[in-house]
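Q: Got a structure here, written out as structure tokens. Questions coming.
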Amino acid sequence: FLKTTVRHPIRVISPGSPNPDVGHDFFNAMIRIGGITWAGNVEIHVRASDWYKHNHHKDAAYNNVILHVVAEDDMPVRDRSGRKLPSLCIADAYDKNLLDRYHSISLNMLWVPCQELINSIDKIHVTGRLNAEAIQRLYEKAAAIREELAQLKNDWEECCYRVISRQFGAKVNVSAFEMLTRTLPVKVLMKEHGELVRTEALLFGQSGLLNMRIRGRYPHALKKEHAFLAAKYRLSPMPGYLWKFMRMRPAAFPTIRIAHLAALYSRHQSIFREVIESESIARISHLFKVTASSYWDNHFIFDRISRKQVKTFGAQSIQLLLINAIIPLIH
């Protein structure tokens with residue numbers, strides 16, 4: 001049985017809700033201490049004296065703490081009102097080596113905190129854990145795709161388009177690519193299949209990036225083409241300022257990724273059909289080996305010339321696309 005430091009019995013009726021932000025460690029707990037039921041918050045420290053180090057004794061917000069849980073009861077503590085807090089010391093409830101190990105891991109400067117410990121674990125356990133985590137993530141991604149598919153009334157082509165496009169966002173621009181696909185249905189791209197300039201005009205125009213200040217002949221041609229197509233299909237572009245370029249490798253700039261997406265949908269009319277009809281992963285990988293149009297050979301963004309480099313959707317990007325989009329889609 002749990003007991004306070006002065007031997008009053010403790011029964012946890014409800015532990016409350018953990019707080020991931022600044023403030024009490026657990027909110028709205030309900031605990032019976034020595035025959036009295038208390039409702040309030042719980043604070044946790046390594047040492048009881050940390051209560052004073054953190055200046056909780058000066059903060060009226062901590063007057064509703066009903067239990068102070070500590071690993072080391074080095075002194076009694078009181079709240080701002082002067083009330084002595086009931087304390088639970090868990091010093092005998094865990095292996096002290098765990099706390100020492102936690103400190104060494106949390107304070108070290110290694111690339112991975114557990115780098116020095118990982119080799120002491122049998123490889124079969126590491127491999128098993130990695131496989132289990134991979135399978136769990138696959139199921140979670142597949143479940144999210146099934147939910148999205150239901151919202152799209154089982155439109156597999158549109159679902160495939162959205163899932164792939166989000167992966168082109170490379171984390172930073174995932175939400176922007178999501179918005180792009182919602183302003184430009186895949187059926188419109190499919191109708192312009194085989195027309196690279198029109199496909200680029202649709203994607204760049206709907207991205208809002210053509211509404212920025214541009215001077216070059218090619219972006220102006222795309223803007224003019226988009227004006228015609230937007231009127232034809234009754235499209236409204238998203239705000240261009242939503243795209244992020246800072247702290248990214250130029251090869252992952254949204255302009256380059258949109259150019260890759262345009263090349264993909266210009267070459268293949270139905271990506272979903274191509275995927276499900278492919279006989280191997282290698283065949284699917286080849287499907288996504290696309291190169292941006294020649295304008296991007298010496299550009300990363302509009303109107304700014306760079307060193308010439310053919311912009312191909314790389315092998316690592318394709319691998320991530322397969323893992324995070326295609327496999328969960330067809331799972």
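If you're wondering about the labels, chains in the structure tokens are A, B, ... by order shown, residues count from 1 in each chain, ligands from 1 in order shown.
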Which residues are near Glu274 (chain A)? Cut-off 8 Å, only C-alpha atoms, ignore same chain within fewer than 6 positions. Put them as a list of chain:residue names.
A: A:His268, A:Ile284, A:Leu287
Q: Might you pull out every residue within 12 Å of region 205-212 of chain A, with only C-alpha atoms counted and same-chain residues fewer than 2 positions away left off, and present them as a ChimeraX atom specification?
A: /A:173,175-185,188-189,197-203,214-216,218-231,233-244,254-255,257-259,262,301-303
Q: Apply DSSP to the backbone of this structure and, from region 60-298 of chain A, keep only the residues in strand (DSSP E or B); write these as a PyMOL selection string.
A: chain A and resi 65-72+78+84+87-89+291
Q: Ranking A:Asn19, A:Asn97, A:Gln136, A:Asn64 by minimum distance to Ala39 (chain A) and counting only C-alpha atoms, which one comes first?
A: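 Of A:Asn19, A:Asn97, A:Gln136, A:Asn64, the one nearest Ala39 (chain A), counting only C-alpha atoms, is A:Asn64.
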Q: With DSSP run on the backbone, what are the helix (DSSP H, G or I) residues within region 45-132 of chain A? I'd like them as a ChimeraX atom specification.
A: /A:50-53,56-58,60-64,96-107,115-118,123-132
Q: From the options A:Ile271, A:Met190, A:Ala252, A:Val65, which residue's atoms come nearest to Gly314 (chain A), counting only C-alpha atoms?
A: A:Ala252
Q: As an exercise, work out the distance from CA of Lys232 (chain A) to CA of Phe204 (chain A) in Å and give it to one decimal place.
A: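 It comes out at 16.2 Å.
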Q: Using Å and a single decimal, report how far CA of Asp50 (chain A) sits from CA of Thr4 (chain A).
A: 18.0 Å
Q: Looking at A:Asp100, A:Lys311, A:Asp79, A:Met30, which one is nearest to Asn55 (chain A), with distances taken over only C-alpha atoms?
A: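 Checking each candidate against Asn55 (chain A), we get A:Asp79 as the closest.
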Q: Could you work out how far CA of Trp51 (chain A) lies from CA of Ser87 (chain A), giving the answer in Å with one decimal?
A: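 Taking CA of Ser87 (chain A) and CA of Trp51 (chain A), their separation equals 11.6 Å.
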